[in-house]
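Structure below is start.cif: mmCIF, C-alpha atoms.
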data_entry
loop_
_atom_site.label_atom_id
_atom_site.label_comp_id
_atom_site.auth_asym_id
_atom_site.auth_seq_id
_atom_site.Cartn_x
_atom_site.Cartn_y
_atom_site.Cartn_z
CA MET H 1 15.46 -55.06 66.65
CA ASP H 2 15.75 -58.82 66.21
CA ALA H 3 18.70 -60.87 67.49
CA VAL H 4 20.39 -61.38 64.11
CA THR H 5 20.20 -57.73 63.07
CA GLY H 6 21.24 -56.64 66.55
CA THR H 7 24.28 -58.91 66.41
CA LEU H 8 25.34 -57.61 62.99
CA VAL H 9 24.89 -54.02 64.15
CA GLN H 10 27.11 -54.59 67.18
CA LEU H 11 29.76 -56.40 65.13
CA ILE H 12 29.88 -53.48 62.69
CA ARG H 13 30.09 -50.89 65.46
CA ASN H 14 32.69 -52.77 67.51
CA THR H 15 35.11 -53.72 64.74
CA ASP H 16 38.61 -52.40 65.44
CA LEU H 17 41.66 -53.30 63.36
CA VAL H 18 44.30 -51.90 65.72
CA ARG H 19 45.60 -55.42 66.33
CA ARG H 20 44.95 -56.70 62.81
CA PRO H 21 47.87 -55.61 60.62
CA ASP H 22 47.19 -58.66 58.46
CA LEU H 23 43.80 -57.29 57.46
CA LEU H 24 45.05 -53.73 57.01
CA ARG H 25 47.79 -55.02 54.72
CA GLN H 26 45.26 -56.93 52.61
CA ASP H 27 42.99 -53.86 52.54
CA LYS H 28 45.79 -51.79 51.05
CA ILE H 29 46.50 -54.42 48.38
CA ALA H 30 42.80 -54.57 47.51
CA PHE H 31 42.62 -50.79 47.18
CA LEU H 32 45.61 -50.69 44.83
CA ASP H 33 44.05 -53.42 42.71
CA TYR H 34 40.76 -51.51 42.69
CA LEU H 35 42.51 -48.38 41.44
CA ALA H 36 44.34 -50.33 38.73
CA SER H 37 41.08 -51.90 37.55
CA ALA H 38 39.11 -48.66 37.59
CA LEU H 39 41.71 -46.41 36.01
CA GLN H 40 42.53 -48.87 33.24
CA ALA H 41 38.86 -48.62 32.23
CA ALA H 42 38.83 -44.81 32.36
CA ARG H 43 39.82 -44.39 28.70
CA TYR H 44 37.03 -46.56 27.24
CA PRO H 45 34.37 -44.63 25.27
CA ARG H 46 31.33 -45.96 27.16
CA VAL H 47 32.97 -45.20 30.48
CA GLN H 48 33.72 -41.66 29.36
CA GLU H 49 30.16 -41.29 28.04
CA ALA H 50 28.89 -42.35 31.46
CA ALA H 51 31.22 -39.83 33.13
CA ARG H 52 29.88 -36.99 31.00
CA TRP H 53 26.30 -37.98 31.75
CA VAL H 54 26.94 -38.32 35.48
CA GLY H 55 28.66 -34.93 35.35
CA SER H 56 25.39 -33.35 34.28
CA PHE H 57 24.09 -33.84 37.84
CA PRO H 58 25.10 -31.01 40.19
CA GLY H 59 27.64 -31.71 42.89
CA ASP H 60 31.29 -31.29 43.81
CA THR H 61 32.31 -34.91 44.43
CA SER H 62 34.98 -36.00 41.98
CA LEU H 63 34.72 -39.04 39.75
CA LEU H 64 37.70 -41.35 39.95
CA GLY H 65 40.11 -40.68 37.08
CA GLN H 66 37.75 -38.31 35.22
CA PRO H 67 37.72 -34.47 35.02
CA VAL H 68 34.12 -34.37 36.25
CA THR H 69 32.26 -33.76 39.50
CA SER H 70 28.76 -34.79 40.55
CA HIS H 71 26.58 -35.61 43.55
CA PRO H 72 27.99 -38.33 45.86
CA ILE H 73 25.18 -40.69 44.84
CA GLN H 74 26.10 -40.36 41.17
CA ALA H 75 29.85 -40.45 41.90
CA ALA H 76 29.41 -43.76 43.71
CA PHE H 77 27.43 -45.10 40.77
CA PHE H 78 30.07 -44.05 38.26
CA ASN H 79 33.01 -45.33 40.29
CA GLY H 80 31.30 -48.69 40.67
CA PHE H 81 30.54 -48.95 36.96
CA GLN H 82 34.03 -47.90 35.90
CA SER H 83 35.88 -50.16 38.34
CA HIS H 84 33.92 -53.24 37.18
CA TYR H 85 33.68 -52.30 33.51
CA LEU H 86 36.56 -54.47 32.30
CA ASP H 87 35.91 -57.28 34.80
CA LEU H 88 39.52 -56.78 35.85
CA ASP H 89 38.71 -56.23 39.53
CA ASP H 90 39.09 -58.74 42.33
CA ALA H 91 36.61 -61.50 43.11
CA GLN H 92 35.81 -63.61 46.15
CA SER H 93 34.38 -67.11 46.30
CA SER H 94 32.09 -66.75 49.35
CA ILE H 95 30.00 -64.16 47.57
CA ALA H 96 30.73 -65.65 44.13
CA GLY H 97 31.17 -62.09 42.94
CA HIS H 98 33.01 -58.86 43.60
CA PHE H 99 32.91 -56.56 46.60
CA SER H 100 35.89 -54.21 46.29
CA THR H 101 34.37 -52.55 43.22
CA VAL H 102 31.29 -51.57 45.25
CA LEU H 103 32.83 -50.87 48.65
CA PHE H 104 35.69 -48.63 47.59
CA SER H 105 33.37 -46.78 45.20
CA VAL H 106 30.99 -46.09 48.09
CA LEU H 107 33.76 -45.03 50.45
CA LEU H 108 35.50 -42.72 47.97
CA ALA H 109 32.19 -40.98 47.27
CA GLU H 110 31.51 -40.33 50.96
CA SER H 111 35.00 -39.90 52.44
CA ARG H 112 36.52 -36.52 53.21
CA PRO H 113 40.11 -35.28 52.89
CA GLU H 114 40.50 -35.60 56.65
CA THR H 115 39.19 -39.18 56.73
CA THR H 116 41.98 -41.29 58.15
CA VAL H 117 43.31 -44.25 56.24
CA LYS H 118 42.49 -46.53 59.18
CA GLU H 119 38.87 -45.35 59.18
CA PHE H 120 38.66 -45.88 55.43
CA LEU H 121 40.17 -49.36 55.49
CA THR H 122 38.25 -50.46 58.57
CA ALA H 123 34.99 -49.48 56.89
CA TYR H 124 36.02 -51.49 53.81
CA THR H 125 36.80 -54.51 55.98
CA VAL H 126 33.39 -54.32 57.66
CA GLY H 127 31.60 -54.20 54.31
CA ALA H 128 33.63 -57.10 52.97
CA GLU H 129 33.01 -59.17 56.08
CA ILE H 130 29.25 -58.88 56.07
CA GLU H 131 29.08 -59.56 52.33
CA GLY H 132 31.36 -62.57 52.60
CA LEU H 133 29.51 -64.08 55.55
CA LEU H 134 26.06 -63.62 53.99
CA GLY H 135 27.29 -64.82 50.61
CA GLY H 136 28.85 -67.87 52.20
CA TYR H 137 25.51 -68.88 53.68
CA LEU H 138 23.58 -68.36 50.44
CA ASN H 139 25.99 -69.70 47.83
CA PRO H 140 26.33 -71.67 45.65
CA LYS H 141 22.53 -71.79 45.34
CA HIS H 142 22.23 -68.00 45.14
CA LYS H 143 24.60 -67.90 42.16
CA GLN H 144 23.04 -70.92 40.50
CA GLN H 145 19.56 -69.40 40.82
CA GLY H 146 20.75 -66.63 38.54
CA TRP H 147 21.54 -63.78 40.93
CA HIS H 148 24.59 -61.57 40.42
CA SER H 149 25.73 -61.23 44.01
CA THR H 150 27.84 -58.15 43.30
CA GLY H 151 24.48 -56.42 43.06
CA THR H 152 22.45 -58.32 45.63
CA LEU H 153 25.08 -58.17 48.38
CA GLY H 154 26.81 -54.95 47.36
CA SER H 155 24.20 -52.54 48.64
CA ILE H 156 24.28 -54.28 52.05
CA GLY H 157 28.06 -54.20 52.25
CA GLY H 158 28.13 -50.56 51.17
CA ALA H 159 25.58 -49.66 53.83
CA ALA H 160 27.61 -51.46 56.50
CA ALA H 161 30.79 -49.69 55.38
CA LEU H 162 29.17 -46.26 55.63
CA ALA H 163 27.65 -47.05 59.01
CA LYS H 164 31.14 -47.86 60.25
CA LEU H 165 32.84 -44.92 58.54
CA TYR H 166 30.50 -42.42 60.19
CA GLY H 167 30.03 -44.23 63.50
CA LEU H 168 26.25 -44.40 63.23
CA ASP H 169 24.30 -45.39 66.32
CA GLU H 170 22.46 -48.70 66.60
CA THR H 171 19.14 -47.51 65.23
CA ALA H 172 20.65 -45.65 62.29
CA THR H 173 22.90 -48.61 61.45
CA ALA H 174 19.95 -51.03 61.45
CA ARG H 175 17.91 -48.69 59.25
CA LEU H 176 20.79 -48.17 56.84
CA LEU H 177 21.31 -51.94 56.55
CA SER H 178 17.57 -52.27 55.99
CA LEU H 179 17.57 -49.74 53.14
CA GLY H 180 20.61 -51.46 51.62
CA ALA H 181 18.98 -54.88 51.87
CA THR H 182 15.67 -53.80 50.38
CA GLN H 183 17.48 -52.57 47.26
CA SER H 184 19.23 -55.91 46.58
CA ALA H 185 19.12 -56.74 42.87
CA GLY H 186 21.17 -57.99 39.94
CA LEU H 187 20.59 -60.70 37.32
CA GLY H 188 23.46 -62.96 36.31
CA LEU H 189 22.10 -63.13 32.78
CA GLU H 190 23.55 -59.66 32.18
CA ALA H 191 27.08 -61.11 31.96
CA GLY H 192 28.53 -60.22 28.59
CA SER H 193 26.79 -56.84 28.43
CA ASP H 194 27.39 -53.43 29.98
CA ALA H 195 24.62 -54.15 32.48
CA LYS H 196 26.91 -56.44 34.47
CA PRO H 197 29.28 -53.64 35.53
CA LEU H 198 26.21 -51.44 35.99
CA HIS H 199 25.22 -53.79 38.84
CA SER H 200 28.29 -52.63 40.74
CA GLY H 201 27.35 -49.02 40.05
CA PHE H 202 23.76 -49.60 41.12
CA ALA H 203 24.83 -51.27 44.37
CA ALA H 204 27.23 -48.44 45.21
CA ARG H 205 24.61 -45.84 44.30
CA ASN H 206 21.96 -47.57 46.40
CA ALA H 207 24.15 -47.65 49.50
CA VAL H 208 25.06 -43.96 49.19
CA PHE H 209 21.45 -43.04 48.37
CA ALA H 210 20.28 -44.81 51.54
CA PHE H 211 22.95 -43.06 53.62
CA GLU H 212 22.17 -39.62 52.21
CA LEU H 213 18.44 -40.18 52.63
CA LEU H 214 18.81 -41.02 56.30
CA GLN H 215 21.11 -38.05 56.87
CA HIS H 216 18.82 -35.49 55.28
CA THR H 217 15.27 -36.72 55.91
CA GLY H 218 13.21 -38.26 58.68
CA VAL H 219 12.29 -41.41 56.74
CA THR H 220 12.20 -44.65 58.66
CA ALA H 221 12.93 -48.26 57.75
CA SER H 222 12.45 -51.60 59.43
CA GLU H 223 15.01 -52.25 62.12
CA ARG H 224 14.62 -56.01 61.55
CA PRO H 225 16.15 -56.53 58.07
CA PHE H 226 17.79 -59.83 59.03
CA ASN H 227 15.16 -61.39 61.24
CA ASN H 228 14.70 -65.13 60.74
CA GLN H 229 11.00 -64.93 59.92
CA ASN H 230 10.91 -62.72 56.82
CA GLY H 231 14.32 -61.04 56.73
CA TRP H 232 16.71 -60.75 53.81
CA GLN H 233 18.28 -64.19 54.25
CA LYS H 234 14.85 -65.82 54.50
CA VAL H 235 13.62 -64.14 51.32
CA PHE H 236 16.73 -64.81 49.24
CA GLY H 237 17.71 -68.21 50.58
CA ASN H 238 15.05 -69.52 52.93
CA LEU H 239 17.77 -69.51 55.59
CA GLU H 240 17.90 -68.81 59.29
CA LEU H 241 21.01 -67.27 60.81
CA ASP H 242 22.45 -68.03 64.24
CA PRO H 243 23.63 -64.87 66.07
CA ALA H 244 26.20 -66.83 68.07
CA GLU H 245 27.66 -68.33 64.92
CA LEU H 246 27.90 -64.89 63.31
CA GLN H 247 29.82 -63.62 66.33
CA GLN H 248 32.17 -66.59 66.22
CA ARG H 249 32.88 -66.27 62.50
CA TRP H 250 33.22 -62.46 62.31
CA LEU H 251 36.82 -61.60 61.32
CA ASN H 252 37.96 -65.09 62.27
CA PRO H 253 40.25 -64.74 60.40
CA GLY H 254 38.34 -62.48 57.99
CA GLN H 255 36.75 -62.92 54.57
CA LEU H 256 39.59 -60.94 52.99
CA LEU H 257 42.04 -63.59 54.16
CA GLN H 258 39.97 -66.75 54.03
CA PRO H 259 38.77 -67.60 51.46
CA GLY H 260 40.61 -64.47 50.30
CA LEU H 261 40.64 -62.49 47.07
CA TRP H 262 41.23 -63.57 43.50
CA MET H 263 43.02 -60.89 41.47
CA LYS H 264 43.33 -60.68 37.72
CA LEU H 265 45.94 -59.76 35.18
CA HIS H 266 43.44 -60.09 32.32
CA PRO H 267 39.83 -58.89 31.95
CA TYR H 268 37.77 -62.05 32.18
CA CYS H 269 35.81 -64.00 34.77
CA SER H 270 37.94 -65.34 37.60
CA ALA H 271 36.21 -68.72 37.23
CA ALA H 272 38.32 -69.20 34.09
CA ILE H 273 41.69 -68.44 35.68
CA GLY H 274 42.41 -72.04 36.68
CA GLY H 275 41.47 -73.40 33.27
CA ALA H 276 43.60 -70.77 31.54
CA ALA H 277 46.58 -71.69 33.72
CA ALA H 278 46.10 -75.37 32.83
CA CYS H 279 45.99 -74.50 29.12
CA ARG H 280 49.26 -72.60 29.54
CA GLU H 281 50.81 -75.74 30.99
CA LEU H 282 49.71 -77.72 27.94
CA TYR H 283 51.08 -75.01 25.66
CA LYS H 284 54.42 -75.17 27.48
CA GLN H 285 54.48 -78.90 26.77
CA GLY H 286 54.34 -78.07 23.07
CA LEU H 287 50.64 -78.61 22.45
CA ARG H 288 48.93 -76.29 19.97
CA LEU H 289 45.25 -76.18 19.19
CA ASP H 290 45.73 -76.95 15.49
CA GLY H 291 47.43 -80.19 16.52
CA LEU H 292 44.65 -81.25 18.88
CA ARG H 293 41.53 -83.26 18.15
CA ASP H 294 39.63 -82.04 21.20
CA VAL H 295 39.98 -80.11 24.47
CA THR H 296 37.77 -80.77 27.49
CA PHE H 297 37.32 -78.57 30.54
CA HIS H 298 36.40 -80.59 33.62
CA PHE H 299 34.61 -78.89 36.54
CA PRO H 300 32.93 -79.96 39.76
CA PRO H 301 29.12 -79.87 39.56
CA GLY H 302 27.91 -76.31 38.99
CA ALA H 303 31.39 -74.82 39.22
CA ASP H 304 31.21 -73.30 35.73
CA THR H 305 27.96 -71.43 36.37
CA ALA H 306 29.65 -68.04 36.02
CA LEU H 307 31.10 -69.06 32.65
CA HIS H 308 27.77 -68.47 30.94
CA TYR H 309 28.84 -68.80 27.30
CA THR H 310 30.03 -71.97 25.61
CA ALA H 311 29.73 -70.31 22.19
CA PRO H 312 30.16 -66.55 22.70
CA THR H 313 29.46 -64.26 19.78
CA THR H 314 31.15 -61.09 21.10
CA GLY H 315 34.33 -60.36 22.97
CA LYS H 316 32.36 -59.25 26.02
CA GLU H 317 30.55 -62.57 26.09
CA GLY H 318 33.97 -64.18 25.72
CA LYS H 319 34.94 -62.77 29.12
CA PHE H 320 32.57 -65.40 30.52
CA SER H 321 33.59 -68.29 28.28
CA MET H 322 36.17 -70.91 29.19
CA GLU H 323 36.24 -71.88 25.53
CA TYR H 324 37.19 -68.38 24.35
CA VAL H 325 39.90 -67.98 26.96
CA GLY H 326 41.25 -71.48 26.33
CA TRP H 327 41.30 -70.88 22.57
CA GLN H 328 43.46 -67.80 23.07
CA VAL H 329 45.96 -69.59 25.29
CA LEU H 330 46.24 -72.72 23.15
CA THR H 331 46.75 -70.72 19.95
CA ARG H 332 48.83 -67.77 21.23
CA GLY H 333 50.40 -68.98 24.47
CA GLY H 334 48.48 -66.40 26.47
CA GLU H 335 45.54 -64.04 26.60
CA ASP H 336 45.10 -61.06 24.27
CA ASP H 337 43.03 -58.44 26.10
CA ASP H 338 41.99 -56.75 22.85
CA LEU H 339 40.06 -59.87 21.87
CA PHE H 340 37.63 -59.25 24.72
CA GLU H 341 36.55 -55.96 23.15
CA LEU H 342 35.67 -57.26 19.69
CA PRO H 343 32.08 -56.73 18.51
CA GLN H 344 32.27 -60.22 16.99
CA VAL H 345 34.54 -63.11 17.94
CA PRO H 346 37.16 -64.05 15.30
CA GLU H 347 36.21 -66.52 12.61
CA ALA H 348 39.19 -68.66 13.68
CA PHE H 349 37.58 -69.15 17.08
CA GLN H 350 34.24 -70.06 15.55
CA LYS H 351 35.92 -72.70 13.39
CA ALA H 352 37.83 -74.11 16.37
CA LEU H 353 34.80 -74.17 18.70
CA PRO H 354 33.74 -77.80 17.91
CA LYS H 355 37.01 -78.97 19.48
CA PHE H 356 36.00 -77.66 22.91
CA HIS H 357 33.84 -79.49 25.42
CA ARG H 358 32.82 -79.17 29.06
CA MET H 359 32.11 -81.84 31.65
CA ASN H 360 30.97 -81.48 35.26
CA ASP H 361 32.58 -84.77 36.22
CA LEU H 362 34.97 -83.73 39.00
CA PRO H 363 34.01 -84.55 42.60
CA PRO H 364 32.08 -81.87 44.51
CA VAL H 365 34.27 -79.40 46.40
CA GLU H 366 33.76 -76.83 49.12
CA LYS H 367 32.17 -73.62 47.85
CA THR H 368 35.40 -71.73 48.50
CA VAL H 369 37.48 -74.15 46.38
CA ARG H 370 37.93 -73.70 42.64
CA ARG H 371 39.10 -76.60 40.55
CA THR H 372 39.47 -77.01 36.79
CA VAL H 373 41.17 -79.88 34.95
CA VAL H 374 41.93 -79.65 31.24
CA THR H 375 42.42 -82.72 29.08
CA ALA H 376 43.47 -82.64 25.43
CA THR H 377 43.77 -85.34 22.79
CA ASP H 378 46.20 -84.89 19.92
CA LEU H 379 45.69 -86.07 16.36
CA SER H 380 47.37 -89.39 17.11
CA GLY H 381 44.96 -90.10 19.95
CA LYS H 382 47.32 -89.40 22.84
CA THR H 383 45.70 -87.67 25.81
CA TYR H 384 47.28 -84.99 27.98
CA ARG H 385 46.10 -83.65 31.31
CA ALA H 386 46.87 -80.42 33.17
CA GLU H 387 45.70 -78.82 36.41
CA VAL H 388 47.10 -75.81 38.28
CA PRO H 389 45.65 -75.81 41.82
CA ALA H 390 47.02 -72.37 42.73
CA PRO H 391 47.23 -70.14 39.64
CA LEU H 392 48.71 -66.66 39.84
CA GLY H 393 46.19 -64.29 41.37
CA SER H 394 44.53 -66.92 43.55
CA PRO H 395 44.58 -66.53 47.35
CA GLN H 396 47.16 -69.33 47.49
CA HIS H 397 49.38 -67.60 44.89
CA PRO H 398 48.77 -63.87 45.32
CA PHE H 399 50.22 -61.11 43.22
CA SER H 400 53.75 -60.04 44.00
CA GLU H 401 54.45 -56.35 44.52
CA GLN H 402 55.83 -56.30 40.98
CA ASP H 403 52.63 -57.82 39.55
CA LEU H 404 50.55 -55.17 41.27
CA GLU H 405 52.85 -52.36 40.18
CA GLU H 406 52.67 -53.56 36.58
CA LYS H 407 48.88 -53.60 36.70
CA LEU H 408 48.86 -50.05 38.05
CA ALA H 409 51.38 -48.92 35.46
CA ARG H 410 49.21 -50.27 32.64
CA ALA H 411 46.47 -48.00 33.93
CA LYS H 412 48.36 -44.76 34.60
CA GLY H 413 52.00 -45.21 33.72
CA LYS H 414 55.16 -45.94 35.68
CA LYS H 415 55.76 -42.41 37.00
CA TRP H 416 52.22 -42.08 38.38
CA THR H 417 52.47 -45.54 39.94
CA GLU H 418 55.75 -44.73 41.65
CA GLU H 419 54.31 -41.50 43.04
CA LEU H 420 51.17 -43.24 44.30
CA LEU H 421 53.14 -46.00 46.02
CA GLN H 422 55.39 -43.41 47.60
CA GLN H 423 52.40 -41.48 48.95
CA MET H 424 50.88 -44.71 50.28
CA ALA H 425 54.08 -46.04 51.83
CA ALA H 426 53.00 -44.91 55.30
CA TRP H 427 49.58 -46.59 55.11
CA PRO H 428 47.65 -47.35 57.27
CA GLU H 429 48.79 -44.05 58.83
CA GLY H 430 47.77 -40.66 57.46
CA THR H 431 44.66 -39.35 55.72
CA LEU H 432 43.12 -39.80 52.29
CA GLY H 433 43.96 -36.22 51.40
CA THR H 434 47.56 -37.23 50.68
CA ILE H 435 46.57 -39.15 47.53
CA GLY H 436 43.65 -37.03 46.33
CA SER H 437 45.63 -35.17 43.69
CA LEU H 438 46.61 -38.48 42.11
CA LEU H 439 43.13 -39.97 42.03
CA TYR H 440 41.18 -37.04 40.62
CA GLU H 441 41.69 -35.10 37.42
CA GLU H 442 42.32 -31.38 37.69
CA LYS H 443 38.74 -30.23 37.05
CA GLY H 444 37.42 -32.43 39.85
CA ARG H 445 37.44 -31.72 43.57
CA ARG H 446 40.71 -32.89 45.06
CA ALA H 447 40.49 -34.96 48.19
#
Just give me the structure as structure tokens.
Amino acid sequence: MDAVTGTLVQLIRNTDLVRRPDLLRQDKIAFLDYLASALQAARYPRVQEAARWVGSFPGDTSLLGQPVTSHPIQAAFFNGFQSHYLDLDDAQSSIAGHFSTVLFSVLLAESRPETTVKEFLTAYTVGAEIEGLLGGYLNPKHKQQGWHSTGTLGSIGGAAALAKLYGLDETATARLLSLGATQSAGLGLEAGSDAKPLHSGFAARNAVFAFELLQHTGVTASERPFNNQNGWQKVFGNLELDPAELQQRWLNPGQLLQPGLWMKLHPYCSAAIGGAAACRELYKQGLRLDGLRDVTFHFPPGADTALHYTAPTTGKEGKFSMEYVGWQVLTRGGEDDDLFELPQVPEAFQKALPKFHRMNDLPPVEKTVRRTVVTATDLSGKTYRAEVPAPLGSPQHPFSEQDLEEKLARAKGKKWTEELLQQMAAWPEGTLGTIGSLLYEEKGRRA
């Protein structure tokens, strides 16, 4: 085992959150947001079609929010797909992607009723930490090269989480990380199609597949997946990692806290949240798109990479378009989630599109900083400027308890939300079995 892999293995095995209530609190918030994102997607036809197909595989592991059971590998796949389907789940700037959608999907598929909440949340923290650290080294180049890091990093994070959850020994942990790393995949070009949320499902499936394979067969894998000669980081980023630096940065203070999580009230790419907030400020000042000559979105170099579409043709593509989100806000005062499901964008948007422009003329910023400035010129030639450095849902302006409750209630209703929060009031104490009846439909196996 090489020094880098050995260090990561020891960090995973030695992580203990007994004295980290700050991380446990953030874990709980992330899990609630994950549930809200997944269960709000549960009623969509393609999600239900996927559930029925996954249910054709034998197994007694329940799918989240669906009256279906399947094998843990397929349950992890489905949970990952469903929880990322609307692009309503949290994001994180170090990985330039999403890790809760993968990690919680993996852990729900492999947890047992007697699994303690602390074990569950600690495993999530471990997965998030390794993804955030590796993503921080590789990005922004990794993102700009065209990778979707939810897929490329997700299988590694899921493997780390399962190694922690089941207390695997050093050799098994290294092999599980190796099998996670060798399955890294995901193309950013899939944004705007159902393949993007499939990346989350694939990553979750791959981690559980690797875990199950090692548990039930004698297959081997390299115990040097992160060596500095030809390891994962060398292949994906031509990088070398310093074991001492990894030790120093691990949970100091933690990727969940710094740079922290971005959470969403609306189903579009988090890279557009700042621009949308700036457009709302302009709207509050009385500006309306029909009274504007042009609107320009200003970004630092490369900061709009995730916003793939300047002229989206479908609502799904519009989830990754600053222009489509800005058009909604400047014409309606806010976002309309139904517009992101349209098979074709409205004609009114197409007519307004020539008014919108992008410029990468802001100074470069740290990879963990997101900045968007919006300028608008009215018909008389007067120019307005707006910027919201800490929009709602950003790590600097996190959701309030009420915001999170409302997001949950949109998914499952107020009564269900109140019951869930009551059952989770004692977290991080207790076991997962206390909330199983709320997470799984009656035909599924209750946790």
For this session: For atom CA of Gly436 of chain H and atom CA of Pro58 of chain H, determine how far apart the two atoms are, in Å to one decimal place.
Result: 20.4 Å
For this session: Determine the residue membership of the PyMOL selection byres ((chain H and resi 183) around 10) for the file above and supply it as a VMD selection string.
Result: chain H and resid 151 to 156 178 to 182 184 to 186 202 to 203 206 to 207 210
Resolved residues for the PyMOL selection byres ((chain H and resi 7) around 10) as a JSON list (two decimals) with C-alpha atoms, in the coordinates of the input:
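Final output, part_30.json:
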[["chain", "number", "residue", "atom", "x", "y", "z"],
["H", 1, "MET", "CA", 15.46, -55.06, 66.65],
["H", 2, "ASP", "CA", 15.75, -58.82, 66.21],
["H", 3, "ALA", "CA", 18.70, -60.87, 67.49],
["H", 4, "VAL", "CA", 20.39, -61.38, 64.11],
["H", 5, "THR", "CA", 20.20, -57.73, 63.07],
["H", 6, "GLY", "CA", 21.24, -56.64, 66.55],
["H", 8, "LEU", "CA", 25.34, -57.61, 62.99],
["H", 9, "VAL", "CA", 24.89, -54.02, 64.15],
["H", 10, "GLN", "CA", 27.11, -54.59, 67.18],
["H", 11, "LEU", "CA", 29.76, -56.40, 65.13],
["H", 12, "ILE", "CA", 29.88, -53.48, 62.69],
["H", 13, "ARG", "CA", 30.09, -50.89, 65.46],
["H", 226, "PHE", "CA", 17.79, -59.83, 59.03],
["H", 242, "ASP", "CA", 22.45, -68.03, 64.24],
["H", 243, "PRO", "CA", 23.63, -64.87, 66.07],
["H", 244, "ALA", "CA", 26.20, -66.83, 68.07],
["H", 246, "LEU", "CA", 27.90, -64.89, 63.31],
["H", 247, "GLN", "CA", 29.82, -63.62, 66.33]]
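Residues surrounding Leu133 of chain H within 9 Å are Ser94, Ile95, Ala128, Glu129, Ile130, Gly136, Tyr137, Leu138, Leu246, Arg249, Trp250 and Gln255 of chain H [all atoms listed in the file; sequence separation below 3 positions excluded].
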Contact residues around Leu438 of chain H with only C-alpha atoms at 9 Å, ignoring same-chain residues under 5 positions, as a PDB file with C-alpha atoms, keeping the file's coordinate frame:
ATOM      1  CA  GLY H  65      40.110 -40.680  37.080  1.00  0.00           C
ATOM      2  CA  TRP H 416      52.220 -42.080  38.380  1.00  0.00           C
ATOM      3  CA  GLU H 419      54.310 -41.500  43.040  1.00  0.00           C
ATOM      4  CA  LEU H 420      51.170 -43.240  44.300  1.00  0.00           C
ATOM      5  CA  ARG H 446      40.710 -32.890  45.060  1.00  0.00           C
TER       6      ARG H 446
END
Exercise. What is the atom CA of Ser394 of chain H to atom CA of Arg332 of chain H distance in Å?
Worked result: 22.7 Å
For this session: Take the PyMOL selection byres ((chain H and resi 355-357) around 12), apply it to the structure above, and return the hits as a PyMOL selection string.
Result: chain H and resi 289-299+309-311+321-327+330+349-354+358-360+374-379
Exercise. Contacts of Glu405 of chain H at 12 Å or less, counting all atoms listed in the file, minus same-chain residues fewer than 4 places along, as a ChimeraX atom specification?
Worked result: /H:29,32-33,35-36,265,399-401,409-422
For this session: Up to 12 Å from (47.0, -54.2, 59.8) in the file's coordinates: name the residues, counting all atoms listed in the file, as a ChimeraX atom specification.
Result: /H:16-29,117-118,121-122,125,426-429
For this session: May I have the residues within 8 Å of segment 339-343 of chain H as a list of chain:residue names, using only C-alpha atoms and disregarding those fewer than 2 positions away in the same chain?
Result: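 Answer for this query is H:Pro267, H:Tyr268, H:Thr314, H:Gly315, H:Lys316, H:Glu317, H:Gly318, H:Lys319, H:Asp336, H:Asp337, H:Val345.
Look at Ser200 of chain H: the protein and nucleic acid residues within 6 Å of it, using all atoms listed in the file and passing over chain neighbours fewer than 4 places away, are Gly80, Phe81, Val102 and Gly151 of chain H.
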Expected axis-aligned box over every listed atom of segment 260-263 of chain H, 4 Å added per side, centre plus edges in Å to one decimal, as lines of an AutoDock Vina configuration file:
center_x = 41.8
center_y = -62.7
center_z = 45.9
size_x = 10.4
size_y = 11.6
size_z = 16.8
For this session: Go through H:Leu408, H:Leu213, H:Ala42, H:Leu162 one by one, measure the shortest atom-to-atom distance of each to Leu86 of chain H using only C-alpha atoms, and give the residue with the smallest value.
Result: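 The answer is H:Ala42, which sits nearest to Leu86 of chain H.
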Exercise. Atom CA of Ala160 of chain H and atom CA of Leu177 of chain H are how many Å apart?
Worked result: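 Computed distance, atom CA of Ala160 of chain H to atom CA of Leu177 of chain H, equals 6.3 Å.
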Problem set entry | Proximity to Gly302 of chain H - best of H:Gly254, H:Gly59, H:Gly146, H:Pro364, all atoms listed in the file | H:Pro364
Tell me, counting all atoms listed in the file, for each residue of segment 240-283 of chain H within 9 Å of segment 365-370 of chain H, which pair of atoms is nearest and how far apart they are in Å to one decimal, in rows ordered by chain and increasing number, as a Markdown table.
| residue | atom | partner | partner_atom | distance |
| --- | --- | --- | --- | --- |
| H:Gln258 | CA | H:Thr368 | CA | 8.7 |
| H:Pro259 | CA | H:Thr368 | CA | 6.1 |
| H:Ala271 | CA | H:Arg370 | CA | 7.6 |
| H:Gly274 | CA | H:Arg370 | CA | 7.6 |
Exercise. Out of H:Met263, H:Leu256, H:Leu214, H:Leu168, which residue has the shortest atom-to-atom distance to Asp90 of chain H when counting all atoms listed in the file?
Worked result: H:Met263
Extract segment 144-155 of chain H from the coordinates I pasted, and write it as a tab-separated table (two decimals), in the first residue's frame (atoms kept: C-alpha atoms).
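Heads up, here's the output in part-v2.tsv:
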chain	number	residue	atom	x	y	z
H	144	GLN	CA	-13.72	22.52	-17.25
H	145	GLN	CA	-12.37	19.41	-18.99
H	146	GLY	CA	-15.94	18.18	-19.18
H	147	TRP	CA	-16.19	15.72	-16.29
H	148	HIS	CA	-19.31	15.54	-14.13
H	149	SER	CA	-17.70	15.10	-10.74
H	150	THR	CA	-20.87	13.76	-9.14
H	151	GLY	CA	-20.06	10.65	-11.14
H	152	THR	CA	-16.28	10.65	-11.09
H	153	LEU	CA	-15.95	11.31	-7.35
H	154	GLY	CA	-19.19	9.72	-6.19
H	155	SER	CA	-18.12	6.11	-6.45
